[in-house]
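Undergrad: Sharing coords_36.txt, compact mmCIF, C-alpha atoms and all ligand atoms:
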```
# COMPACT_ATOMS: atom_id res chain seq x y z
CA MET A 5 -19.25 13.94 7.09
CA MET A 6 -16.48 14.85 4.69
CA ASN A 7 -12.91 14.00 5.58
CA LYS A 8 -9.87 15.59 4.06
CA ASN A 9 -8.17 13.67 1.28
CA PHE A 10 -4.70 13.60 -0.23
CA ILE A 11 -5.01 11.70 -3.50
CA LEU A 12 -2.04 10.60 -5.55
CA SER A 13 -3.27 9.01 -8.75
CA LEU A 14 -0.87 6.93 -10.83
CA ASP A 15 -2.05 6.45 -14.39
CA GLY A 16 -2.07 2.87 -15.65
CA VAL A 17 -0.27 1.27 -12.70
CA PRO A 18 -1.29 -2.38 -12.25
CA TYR A 19 -1.96 -3.89 -8.83
CA SER A 20 0.21 -6.87 -9.85
CA LEU A 21 3.16 -4.60 -10.70
CA LEU A 22 2.93 -2.88 -7.30
CA GLN A 23 2.95 -6.27 -5.58
CA ARG A 24 6.02 -7.27 -7.53
CA MET A 25 7.86 -4.03 -6.72
CA ILE A 26 7.01 -4.42 -3.03
CA GLU A 27 8.34 -7.99 -3.03
CA GLN A 28 11.53 -6.99 -4.85
CA ASN A 29 12.05 -4.03 -2.51
CA ILE A 30 11.96 -1.53 -5.37
CA MET A 31 9.41 0.52 -3.40
CA PRO A 32 10.31 0.21 0.31
CA ASN A 33 8.25 3.26 1.34
CA LEU A 34 5.21 1.84 -0.43
CA LYS A 35 5.80 -1.44 1.39
CA HIS A 36 5.83 0.42 4.68
CA LEU A 37 2.64 2.29 3.73
CA VAL A 38 0.85 -0.88 2.65
CA GLU A 39 1.55 -2.47 6.05
CA SER A 40 -0.69 0.12 7.71
CA SER A 41 -3.20 0.64 4.87
CA TYR A 42 -5.96 -1.06 2.92
CA LEU A 43 -5.03 -2.18 -0.60
CA LYS A 44 -7.25 -3.81 -3.16
CA PRO A 45 -7.24 -4.56 -6.91
CA MET A 46 -10.10 -3.01 -8.86
CA ASN A 47 -11.41 -2.76 -12.41
CA SER A 48 -11.30 0.09 -14.86
CA VAL A 49 -14.36 1.13 -16.86
CA LEU A 50 -15.40 0.27 -20.40
CA PRO A 51 -13.61 1.42 -22.46
CA PRO A 52 -10.52 1.37 -20.20
CA VAL A 53 -8.88 4.61 -21.34
CA SER A 54 -7.61 7.38 -19.07
CA SER A 55 -10.12 10.06 -20.15
CA SER A 56 -13.11 7.80 -19.48
CA ALA A 57 -11.73 6.29 -16.28
CA TRP A 58 -10.71 9.56 -14.59
CA ALA A 59 -14.01 11.10 -15.61
CA SER A 60 -15.58 8.13 -13.82
CA PHE A 61 -13.45 8.80 -10.76
CA MET A 62 -14.46 12.47 -10.69
CA THR A 63 -18.16 11.95 -11.35
CA GLY A 64 -18.72 8.55 -9.75
CA LYS A 65 -20.49 7.51 -12.97
CA HIS A 66 -19.84 5.11 -15.82
CA PRO A 67 -18.83 6.45 -19.25
CA VAL A 68 -22.33 6.14 -20.77
CA GLU A 69 -23.55 8.41 -17.98
CA HIS A 70 -20.75 11.01 -17.86
CA GLY A 71 -20.40 11.02 -21.64
CA ILE A 72 -16.64 10.52 -22.16
CA MET A 73 -15.87 7.40 -24.18
CA GLY A 74 -12.32 8.24 -25.30
CA PHE A 75 -9.89 11.10 -25.84
CA LEU A 76 -11.47 11.93 -29.16
CA GLU A 77 -15.19 12.18 -29.85
CA ARG A 78 -17.11 13.10 -32.99
CA ASP A 79 -20.14 15.27 -33.58
CA PRO A 80 -22.33 13.26 -35.98
CA LYS A 81 -24.11 16.41 -37.17
CA THR A 82 -20.90 17.95 -38.50
CA MET A 83 -18.68 14.83 -38.64
CA ASP A 84 -15.96 16.84 -36.90
CA TRP A 85 -13.62 15.27 -34.37
CA ALA A 86 -13.38 17.01 -31.01
CA VAL A 87 -11.27 16.52 -27.90
CA PRO A 88 -13.70 16.25 -25.01
CA GLY A 89 -13.07 18.46 -21.99
CA HIS A 90 -14.39 19.27 -18.55
CA ASN A 91 -17.34 21.19 -20.05
CA ASP A 92 -18.50 18.08 -21.92
CA LEU A 93 -19.05 16.02 -18.77
CA LEU A 94 -22.72 15.19 -18.29
CA SER A 95 -22.46 14.89 -14.49
CA GLU A 96 -20.93 17.05 -11.82
CA THR A 97 -17.37 16.35 -10.69
CA ILE A 98 -16.14 15.92 -7.15
CA LEU A 99 -14.13 19.11 -7.67
CA THR A 100 -17.07 21.45 -8.25
CA LYS A 101 -19.29 19.65 -5.73
CA LEU A 102 -16.74 20.12 -2.95
CA SER A 103 -16.17 23.71 -4.05
CA ARG A 104 -19.88 24.47 -3.74
CA ALA A 105 -19.76 23.05 -0.22
CA GLY A 106 -17.06 25.61 0.62
CA LYS A 107 -14.21 23.10 0.68
CA ARG A 108 -10.74 24.09 -0.49
CA VAL A 109 -9.79 22.03 -3.53
CA PHE A 110 -6.48 21.52 -5.34
CA THR A 111 -6.20 19.45 -8.49
CA MET A 112 -3.11 18.99 -10.65
CA ASN A 113 -2.81 17.17 -13.98
CA VAL A 114 -6.01 15.11 -13.71
CA PRO A 115 -7.32 14.17 -17.19
CA LEU A 116 -10.54 15.91 -18.22
CA THR A 117 -9.85 19.08 -16.19
CA TYR A 118 -9.38 21.23 -19.29
CA PRO A 119 -10.66 23.89 -19.60
CA PRO A 120 -9.98 24.27 -15.86
CA PRO A 121 -13.14 24.45 -13.73
CA GLU A 122 -13.49 27.61 -11.62
CA ILE A 123 -13.24 25.90 -8.27
CA ASN A 124 -12.73 27.10 -4.72
CA GLY A 125 -8.99 26.57 -4.93
CA ILE A 126 -6.59 25.76 -7.74
CA ALA A 127 -7.14 23.68 -10.88
CA ILE A 128 -4.20 22.75 -13.13
CA CYS A 129 -5.19 20.91 -16.31
CA GLY A 130 -4.01 17.50 -17.46
CA PHE A 131 -2.74 16.13 -20.77
CA LEU A 132 -5.70 17.05 -22.97
CA GLY A 133 -4.94 20.71 -22.28
CA SER A 134 -2.42 22.24 -24.66
CA ASP A 135 -1.50 25.59 -23.10
CA ILE A 136 -0.62 25.92 -19.42
CA LEU A 137 -1.60 29.61 -19.41
CA LYS A 138 -5.11 28.65 -20.50
CA GLY A 139 -5.04 25.47 -18.45
CA THR A 140 -5.09 26.83 -14.92
CA TYR A 141 -7.55 28.46 -12.59
CA PRO A 142 -6.79 31.03 -11.34
CA LYS A 143 -4.73 32.27 -14.29
CA GLU A 144 -1.69 33.47 -12.33
CA VAL A 145 -0.98 29.86 -11.36
CA GLY A 146 -0.30 29.16 -15.05
CA CYS A 147 2.27 31.99 -15.20
CA PHE A 148 3.96 30.67 -12.07
CA LEU A 149 4.15 27.14 -13.51
CA LYS A 150 5.43 28.40 -16.85
CA ASP A 151 8.16 30.46 -15.16
CA ASN A 152 9.18 27.34 -13.24
CA GLY A 153 9.54 25.15 -16.34
CA TYR A 154 6.49 22.98 -15.65
CA TRP A 155 5.33 20.54 -18.35
CA ILE A 156 1.70 19.50 -18.84
CA ASP A 157 2.85 16.25 -20.40
CA ALA A 158 6.02 14.60 -21.65
CA ASP A 159 6.96 14.89 -25.33
CA ILE A 160 5.65 11.62 -26.73
CA GLU A 161 7.41 12.14 -30.07
CA LEU A 162 10.75 11.94 -28.28
CA GLY A 163 9.84 8.40 -27.25
CA LYS A 164 9.65 7.45 -30.92
CA ARG A 165 13.07 8.95 -31.69
CA ASP A 166 15.25 8.20 -28.67
CA LEU A 167 13.91 5.89 -26.00
CA LYS A 168 16.65 6.46 -23.44
CA GLN A 169 16.39 10.23 -23.68
CA PHE A 170 12.64 9.89 -23.42
CA VAL A 171 12.88 8.07 -20.08
CA TYR A 172 15.22 10.78 -18.71
CA HIS A 173 12.72 13.33 -19.97
CA LEU A 174 9.93 11.50 -18.11
CA TYR A 175 11.95 11.68 -14.88
CA GLN A 176 12.43 15.41 -15.43
CA VAL A 177 8.73 16.08 -16.14
CA MET A 178 7.68 14.06 -13.09
CA ASP A 179 10.29 15.59 -10.76
CA LYS A 180 9.05 19.04 -11.70
CA ARG A 181 5.46 18.01 -11.09
CA PHE A 182 6.29 16.77 -7.60
CA GLU A 183 8.33 19.92 -6.90
CA MET A 184 5.32 22.07 -7.82
CA MET A 185 3.02 19.75 -5.86
CA TRP A 186 4.99 20.44 -2.67
CA HIS A 187 4.91 24.17 -3.38
CA PHE A 188 1.11 24.19 -3.48
CA TRP A 189 0.70 21.67 -0.65
CA GLN A 190 2.51 24.05 1.70
CA GLN A 191 0.27 26.98 0.81
CA GLU A 192 -2.68 26.04 3.00
CA PRO A 193 -4.47 23.09 4.67
CA TRP A 194 -6.44 21.75 1.69
CA ASP A 195 -9.66 19.75 2.10
CA PHE A 196 -9.16 17.87 -1.18
CA PHE A 197 -5.68 17.70 -2.68
CA MET A 198 -5.19 15.59 -5.79
CA VAL A 199 -2.11 15.15 -7.95
CA HIS A 200 -2.06 12.94 -11.03
CA ILE A 201 1.05 11.23 -12.41
CA MET A 202 0.74 10.53 -16.13
CA GLU A 203 4.38 9.57 -16.59
CA THR A 204 3.71 5.98 -15.44
CA ASP A 205 1.30 5.41 -18.34
CA ARG A 206 3.75 6.98 -20.80
CA LEU A 207 6.56 4.80 -19.45
CA HIS A 208 4.43 1.66 -19.77
CA HIS A 209 3.35 2.34 -23.36
CA PHE A 210 6.97 2.52 -24.49
CA LEU A 211 8.82 0.23 -22.06
CA TRP A 212 6.42 -2.42 -20.79
CA GLU A 213 7.74 -5.26 -22.93
CA TYR A 214 11.38 -4.40 -22.07
CA MET A 215 10.45 -4.61 -18.39
CA GLU A 216 8.62 -7.91 -18.82
CA ASN A 217 11.58 -9.37 -20.70
CA GLY A 218 14.03 -8.12 -18.08
CA ASP A 219 16.00 -6.01 -20.59
CA SER A 220 19.28 -5.11 -18.88
CA VAL A 221 19.13 -1.39 -19.69
CA PHE A 222 15.48 -0.46 -20.04
CA SER A 223 14.16 -2.59 -17.23
CA GLU A 224 16.34 -0.67 -14.73
CA LEU A 225 15.33 2.66 -16.27
CA PHE A 226 11.72 1.53 -15.91
CA PHE A 227 12.07 0.75 -12.20
CA ASP A 228 14.07 3.92 -11.53
CA LEU A 229 10.93 5.94 -12.25
CA TYR A 230 9.18 3.95 -9.53
CA ARG A 231 12.08 4.48 -7.13
CA LYS A 232 11.49 8.21 -7.61
CA ILE A 233 7.78 7.81 -6.93
CA ASP A 234 8.59 5.76 -3.85
CA ILE A 235 10.67 8.60 -2.38
CA GLN A 236 7.67 10.91 -2.81
CA ILE A 237 5.36 8.36 -1.18
CA GLY A 238 7.72 8.29 1.79
CA LYS A 239 7.61 12.08 2.07
CA ILE A 240 3.81 12.14 1.83
CA PHE A 241 3.60 9.45 4.52
CA ASP A 242 5.78 11.57 6.81
CA ILE A 243 3.88 14.84 6.48
CA LEU A 244 0.32 13.50 6.26
CA PRO A 245 -1.86 15.32 8.83
CA ASN A 246 -3.99 13.15 11.15
CA ASP A 247 -7.25 14.46 9.73
CA THR A 248 -6.32 13.56 6.13
CA ASN A 249 -6.71 10.20 4.43
CA LEU A 250 -4.14 9.22 1.83
CA VAL A 251 -5.54 7.51 -1.25
CA LEU A 252 -3.39 6.05 -4.01
CA LEU A 253 -5.07 4.65 -7.09
CA SER A 254 -4.74 3.81 -10.76
CA ASP A 255 -7.29 3.73 -13.57
CA HIS A 256 -6.40 0.58 -15.53
CA GLY A 257 -3.85 -2.19 -15.74
CA PHE A 258 -1.16 -2.83 -18.35
CA THR A 259 0.08 -5.71 -20.45
CA THR A 260 2.46 -6.34 -23.34
CA LEU A 261 1.04 -5.15 -26.63
CA LYS A 262 0.66 -8.04 -29.05
CA LYS A 263 -0.74 -6.03 -31.94
CA GLU A 264 -2.45 -2.80 -32.81
CA VAL A 265 -5.58 -3.46 -34.86
CA TYR A 266 -6.60 -0.69 -37.27
CA LEU A 267 -10.34 -1.01 -37.24
CA ASN A 268 -11.10 1.53 -39.97
CA ARG A 269 -8.74 -0.32 -42.28
CA TRP A 270 -10.64 -3.53 -41.49
CA LEU A 271 -14.00 -1.81 -42.09
CA TRP A 272 -12.70 -0.43 -45.39
CA LYS A 273 -11.34 -3.76 -46.52
CA ASN A 274 -14.65 -5.46 -45.75
CA ASP A 275 -16.70 -2.80 -47.57
CA PHE A 276 -18.32 -1.28 -44.49
CA LEU A 277 -16.37 1.96 -44.94
CA LYS A 278 -15.76 3.96 -48.11
CA PHE A 279 -13.82 7.15 -48.65
CA ARG A 280 -14.37 10.10 -50.97
CA ASN A 281 -10.68 10.20 -51.80
CA PRO A 282 -7.49 8.22 -51.25
CA ASN A 283 -5.51 9.04 -48.09
CA PRO A 284 -8.49 10.23 -46.04
CA LYS A 285 -7.51 12.76 -43.39
CA ASN A 286 -10.66 13.19 -41.31
CA LEU A 287 -14.31 12.17 -41.07
CA GLN A 288 -15.22 14.67 -43.81
CA ASP A 289 -13.57 12.21 -46.18
CA VAL A 290 -16.01 9.42 -45.24
CA HIS A 291 -18.28 8.59 -48.19
CA PRO A 292 -22.09 8.74 -47.61
CA ASN A 293 -22.38 5.15 -48.84
CA SER A 294 -20.40 3.97 -45.82
CA LYS A 295 -22.12 1.71 -43.34
CA ALA A 296 -19.80 2.24 -40.39
CA TYR A 297 -16.66 3.95 -39.10
CA ALA A 298 -14.61 3.60 -35.93
CA LEU A 299 -13.12 5.71 -33.16
CA TYR A 300 -10.52 4.76 -30.58
CA PRO A 301 -10.75 2.41 -28.70
CA GLY A 302 -12.82 -0.22 -30.50
CA ARG A 303 -15.88 1.98 -30.91
CA ILE A 304 -17.92 1.44 -34.07
CA TYR A 305 -20.52 3.99 -35.14
CA LEU A 306 -22.95 3.20 -37.92
CA ASN A 307 -23.58 5.87 -40.53
CA VAL A 308 -27.14 6.37 -39.34
CA PHE A 309 -29.70 8.30 -41.38
CA GLY A 310 -30.94 11.27 -39.34
CA ARG A 311 -28.00 11.15 -36.93
CA GLU A 312 -24.85 11.37 -39.07
CA LYS A 313 -24.58 14.34 -41.44
CA ILE A 314 -24.02 11.91 -44.31
CA GLY A 315 -26.13 9.13 -42.77
CA THR A 316 -27.67 6.53 -45.09
CA VAL A 317 -28.25 3.48 -42.85
CA ARG A 318 -31.97 3.27 -42.01
CA PRO A 319 -32.79 2.49 -38.37
CA GLY A 320 -34.57 -0.84 -37.92
CA VAL A 321 -34.02 -3.78 -40.25
CA GLU A 322 -31.03 -2.34 -42.11
CA TYR A 323 -29.33 -1.10 -38.92
CA ASN A 324 -29.82 -4.44 -37.13
CA GLY A 325 -28.61 -6.37 -40.17
CA ILE A 326 -25.32 -4.44 -40.28
CA ILE A 327 -24.85 -4.82 -36.53
CA ASN A 328 -25.23 -8.61 -36.82
CA GLU A 329 -22.98 -8.80 -39.86
CA LEU A 330 -20.25 -6.78 -38.12
CA LYS A 331 -20.46 -8.91 -35.00
CA SER A 332 -20.19 -12.21 -36.82
CA GLN A 333 -17.28 -11.05 -38.99
CA LEU A 334 -15.38 -9.42 -36.13
CA PHE A 335 -15.59 -12.52 -33.96
CA LYS A 336 -13.71 -14.34 -36.75
CA LEU A 337 -10.82 -11.87 -36.59
CA SER A 338 -7.61 -13.64 -35.60
CA ASP A 339 -3.96 -12.76 -35.10
CA PRO A 340 -2.22 -13.57 -38.42
CA ASP A 341 0.87 -14.83 -36.57
CA THR A 342 -0.73 -17.04 -33.92
CA MET A 343 -4.24 -17.58 -35.33
CA GLN A 344 -5.56 -16.73 -31.84
CA PRO A 345 -8.92 -14.91 -31.73
CA ILE A 346 -8.65 -11.17 -31.07
CA VAL A 347 -12.19 -10.23 -30.06
CA LYS A 348 -13.31 -11.29 -26.60
CA GLU A 349 -16.70 -9.61 -26.49
CA ILE A 350 -18.82 -7.18 -28.49
CA LEU A 351 -21.43 -5.01 -26.82
CA THR A 352 -24.15 -3.12 -28.62
CA GLY A 353 -24.84 0.42 -27.43
CA ALA A 354 -28.01 -0.76 -25.70
CA GLU A 355 -26.09 -3.55 -23.92
CA LEU A 356 -23.47 -1.06 -22.79
CA VAL A 357 -26.16 1.22 -21.37
CA THR A 358 -27.74 -1.68 -19.46
CA LEU A 359 -24.35 -2.74 -18.12
CA GLN A 360 -23.28 0.73 -17.03
CA LYS A 361 -26.54 1.97 -15.55
CA LYS A 362 -25.70 2.37 -11.91
CA ASP A 363 -28.89 3.43 -10.17
CA ASN A 364 -31.63 2.32 -12.51
CA ILE A 365 -31.82 5.82 -13.92
CA MET A 366 -33.87 6.00 -17.09
CA LEU A 367 -31.46 7.39 -19.60
CA ALA A 368 -32.65 9.15 -22.72
CA ALA A 369 -30.07 6.91 -24.32
CA GLU A 370 -32.35 3.93 -23.90
CA LYS A 371 -34.78 5.07 -26.54
CA THR A 372 -32.37 6.38 -29.13
CA LEU A 373 -28.70 5.99 -28.40
CA ALA A 374 -27.16 9.26 -27.26
CA ASN A 375 -24.49 10.58 -29.61
CA HIS A 376 -21.52 9.54 -27.51
CA ILE A 377 -22.62 5.92 -27.10
CA PRO A 378 -21.10 3.67 -29.77
CA ASP A 379 -23.31 1.32 -31.78
CA LEU A 380 -20.77 -1.40 -31.00
CA LEU A 381 -17.96 -1.56 -28.48
CA ILE A 382 -15.35 -4.21 -29.19
CA ILE A 383 -13.57 -5.67 -26.19
CA PRO A 384 -10.33 -7.33 -27.27
CA HIS A 385 -8.43 -10.17 -25.67
CA LYS A 386 -5.46 -9.01 -23.59
CA GLY A 387 -2.67 -7.43 -25.60
CA TYR A 388 -4.72 -6.17 -28.57
CA ASP A 389 -5.49 -2.50 -29.06
CA PHE A 390 -8.21 -1.38 -31.50
CA LYS A 391 -6.98 1.87 -32.99
CA GLY A 392 -9.08 4.72 -34.39
CA GLN A 393 -6.91 6.19 -37.14
CA LEU A 394 -8.91 6.60 -40.31
CA TRP A 395 -6.16 5.33 -42.55
CA ASN A 396 -3.28 2.91 -42.03
CA HIS A 397 -1.36 0.83 -44.56
CA THR A 398 -2.35 -2.42 -42.87
CA ILE A 399 -4.91 -3.87 -40.41
CA PHE A 400 -2.36 -5.29 -37.96
CA ASP A 401 0.66 -3.31 -36.90
CA LYS A 402 3.29 -2.89 -34.23
CA THR A 403 4.76 0.58 -33.82
CA ASP A 404 6.82 2.17 -31.05
CA PHE A 405 4.44 1.14 -28.31
CA THR A 406 5.10 -2.11 -26.46
CA GLY A 407 2.43 -1.92 -23.77
CA THR A 408 -1.35 -1.51 -23.75
CA HIS A 409 -4.17 -1.09 -21.21
CA THR A 410 -6.15 -3.82 -19.45
CA PHE A 411 -9.63 -3.55 -17.93
CA ASP A 412 -8.65 -5.42 -14.78
CA ASP A 413 -5.66 -5.07 -12.43
CA ALA A 414 -6.01 -1.40 -11.45
CA PHE A 415 -5.55 -0.74 -7.71
CA ILE A 416 -6.74 1.35 -4.81
CA LEU A 417 -4.96 2.01 -1.52
CA SER A 418 -6.52 3.84 1.40
CA LYS A 419 -4.44 4.63 4.46
CA ASN A 420 -7.06 5.19 7.16
CA ARG A 421 -10.43 4.21 5.81
CA LYS A 422 -11.29 0.61 5.14
CA ILE A 423 -12.16 -0.03 1.49
CA PRO A 424 -15.81 -1.17 1.41
CA ASP A 425 -16.91 -4.26 -0.51
CA CYS A 426 -19.04 -2.10 -2.80
CA LEU A 427 -15.86 -0.75 -4.39
CA ASN A 428 -15.05 -2.86 -7.44
CA SER A 429 -14.19 -0.32 -10.10
CA ILE A 430 -12.83 3.21 -10.38
CA SER A 431 -16.40 4.45 -10.87
CA ASP A 432 -17.22 3.26 -7.31
CA VAL A 433 -14.42 5.16 -5.54
CA ARG A 434 -16.30 8.41 -5.14
CA SER A 435 -19.47 6.97 -3.59
CA CYS A 436 -18.02 3.99 -1.71
CA LEU A 437 -14.75 5.32 -0.30
CA LEU A 438 -14.82 9.11 -0.48
CA GLU A 439 -18.57 9.34 0.24
CA ILE A 440 -18.87 12.57 -1.72
ZN ZN B 501 -2.33 4.85 -21.76
```
So, in terms of structure tokens, how does the structure I just supplied come out?
Ligand SMILES: [Zn+2]

TA:
Amino acid sequence: MMNKNFILSLDGVPYSLLQRMIEQNIMPNLKHLVESSYLKPMNSVLPPVSSSAWASFMTGKHPVEHGIMGFLERDPKTMDWAVPGHNDLLSETILTKLSRAGKRVFTMNVPLTYPPPEINGIAICGFLGSDILKGTYPKEVGCFLKDNGYWIDADIELGKRDLKQFVYHLYQVMDKRFEMMWHFWQQEPWDFFMVHIMETDRLHHFLWEYMENGDSVFSELFFDLYRKIDIQIGKIFDILPNDTNLVLLSDHGFTTLKKEVYLNRWLWKNDFLKFRNPNPKNLQDVHPNSKAYALYPGRIYLNVFGREKIGTVRPGVEYNGIINELKSQLFKLSDPDTMQPIVKEILTGAELVTLQKKDNIMLAAEKTLANHIPDLLIIPHKGYDFKGQLWNHTIFDKTDFTGTHTFDDAFILSKNRKIPDCLNSISDVRSCLLEI
């Protein structure tokens, strides 16, 4: 039995922040909604990045199963970077499954929906899509959005130049998204209607610390974005048809960024990574004598003979030796200012597969790790972010970002349907709550 769903997904909104905004009456409509709904904190996935987590929402699988471990992957055979898209998912999404069942589906701005799937309805891509005309199905929807001044994503570079203007820009991008949402909502009675708000994540990356510190200017600008969202929640509450469940959810939590940690710089400094030339630009510049290299977030890949184009590390004794050496050295990594340890946990690829196997499915990955599965995944303590840039002038850095993701403290709200106990992470939403 499939019910109709109206899903408003809010990227990177913590359960604890919602509670605070309800208490402080910043979101009165949300407060009203919560009084007649089910609300629960939940976990993200590993690694807790938007691409992986929303792919988990759409497929009901963990990242090792659906294949998306970040917003940039690499092909070891060519050593080229690639932005993963909808076609790279290893399991079917809720969107195409419902379409095949004849349901009418609308999806707007959800990560990993580029290139747009040809669904029974309308698909509008999210932030990994670059061109709105190529990012919609059917195509004429893209023309309509373009004519109406729709943005796929806010201009992140503006946030680095002028923070105040950036926040106003975020309001504008989000207002337009909601305006277009209402346009499409009124077109027909949809079976599955999902709109994704990315602006919350963007806001948090730049303004989280200002909010936490109660900055007189930026903290109000921060909450004003939520006041706008609250008005929309009130409108949705008012128009929601009886046969439609409203689901609000986020994909990860947020915390103040203590430091960015440039893992490739650390690997280079400790002789695990070598470059063919100074100022390396891409993975083509990695020297064959390298033992390992890293991708965002905290993913280490060994330069494995037979897998990597330039691979020289022999599977077996040599591979295991490097894994152990990396683990012991990384656990010693500490914040140079506080001397606090940075690494909370390190999982090998095989451990990650065991942890993320949902239904005891024998994955091919168990014998030889599938290409997308990292040889090591580093899980930092709260506030540290393991970056993937190939080259940085230093291991530890703080740039324009003041907030970073957490694995815990995401949330789910369901208006009509009780949230079952089996739902503990975003990868459980599809099977436990939506039953699709
Ligand atoms: Zn983010």

Undergrad: Ligand ZN 501 (chain B): which residues are within 7 Å, counting all atoms listed in the file? Reply as a ChimeraX atom specification.

TA: /A:16,53-54,205-206,209,408-409

Undergrad: Contacts of Glu203 of chain A at 8 Å or less, counting all atoms listed in the file, minus same-chain residues fewer than 2 places along, as a PyMOL selection string?

TA: chain A and resi 15+157-158+174+177-178+201+205-207

Undergrad: If we count all atoms listed in the file, what is near Thr398 of chain A at a cut-off of 10 Å, once residues fewer than 2 positions away on the same chain are taken out, given as an MDAnalysis selection string?

TA: chainID A and resid 265:267 269:270 273 395:396 400:401

Undergrad: Using only C-alpha atoms for the distances, tell me which of A:Tyr19, A:Phe390, A:Tyr323, A:Phe258 is nearest to Met215 of chain A.

TA: A:Phe258

Undergrad: Pro119 of chain A: which residues within 9 Å, counting all atoms listed in the file, same-chain residues fewer than 6 positions away excluded, as a list in words?

TA: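 Listed by chain and then number, they are Gly89, His90, Asn91, Cys129, Gly133, Lys138, Gly139, Thr140 and Tyr141 of chain A.
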
Undergrad: Give the answer as one residue: which of A:Lys101, A:Lys44, A:His200, A:Lys150 has the shortest atom-to-atom distance to Leu116 of chain A, using all atoms listed in the file?

TA: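 Of A:Lys101, A:Lys44, A:His200, A:Lys150, the one nearest Leu116 of chain A is A:His200, counting all atoms listed in the file.
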
Undergrad: Nearest to Lys361 of chain A among A:Ile326, A:Ile126, A:Val68, A:Val109, with distances taken over all atoms listed in the file: which residue is it?

TA: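 Using all atoms listed in the file, the shortest distance to Lys361 of chain A belongs to A:Val68.
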
Undergrad: Pop segment 91-121 of chain A out of the structure in the block and write C-alpha atoms as a PDB file, in the first residue's frame.

TA:
```pdb
ATOM      1  CA  ASN A  91      23.622   7.043 -13.605  1.00  0.00           C
ATOM      2  CA  ASP A  92      26.406   5.922 -11.253  1.00  0.00           C
ATOM      3  CA  LEU A  93      24.042   4.669  -8.554  1.00  0.00           C
ATOM      4  CA  LEU A  94      24.308   0.912  -8.123  1.00  0.00           C
ATOM      5  CA  SER A  95      20.737   0.505  -6.836  1.00  0.00           C
ATOM      6  CA  GLU A  96      17.394   1.769  -8.024  1.00  0.00           C
ATOM      7  CA  THR A  97      16.026   5.010  -6.589  1.00  0.00           C
ATOM      8  CA  ILE A  98      12.610   5.591  -5.110  1.00  0.00           C
ATOM      9  CA  LEU A  99      11.959   7.949  -8.031  1.00  0.00           C
ATOM     10  CA  THR A 100      12.271   5.376 -10.805  1.00  0.00           C
ATOM     11  CA  LYS A 101      10.660   2.612  -8.740  1.00  0.00           C
ATOM     12  CA  LEU A 102       7.538   4.701  -8.143  1.00  0.00           C
ATOM     13  CA  SER A 103       7.533   5.775 -11.784  1.00  0.00           C
ATOM     14  CA  ARG A 104       7.533   2.149 -12.931  1.00  0.00           C
ATOM     15  CA  ALA A 105       4.556   1.550 -10.657  1.00  0.00           C
ATOM     16  CA  GLY A 106       2.694   4.300 -12.537  1.00  0.00           C
ATOM     17  CA  LYS A 107       2.935   6.862  -9.739  1.00  0.00           C
ATOM     18  CA  ARG A 108       3.312  10.550 -10.523  1.00  0.00           C
ATOM     19  CA  VAL A 109       6.640  11.793  -9.199  1.00  0.00           C
ATOM     20  CA  PHE A 110       8.054  15.294  -8.720  1.00  0.00           C
ATOM     21  CA  THR A 111      11.586  15.900  -7.507  1.00  0.00           C
ATOM     22  CA  MET A 112      13.345  19.247  -7.199  1.00  0.00           C
ATOM     23  CA  ASN A 113      16.975  19.928  -6.263  1.00  0.00           C
ATOM     24  CA  VAL A 114      17.707  16.554  -4.651  1.00  0.00           C
ATOM     25  CA  PRO A 115      21.462  15.755  -4.816  1.00  0.00           C
ATOM     26  CA  LEU A 116      22.399  12.920  -7.173  1.00  0.00           C
ATOM     27  CA  THR A 117      19.512  13.562  -9.600  1.00  0.00           C
ATOM     28  CA  TYR A 118      21.819  14.735 -12.387  1.00  0.00           C
ATOM     29  CA  PRO A 119      21.559  13.778 -15.182  1.00  0.00           C
ATOM     30  CA  PRO A 120      17.802  13.857 -14.510  1.00  0.00           C
ATOM     31  CA  PRO A 121      16.153  10.423 -14.553  1.00  0.00           C
TER      32      PRO A 121
END
```
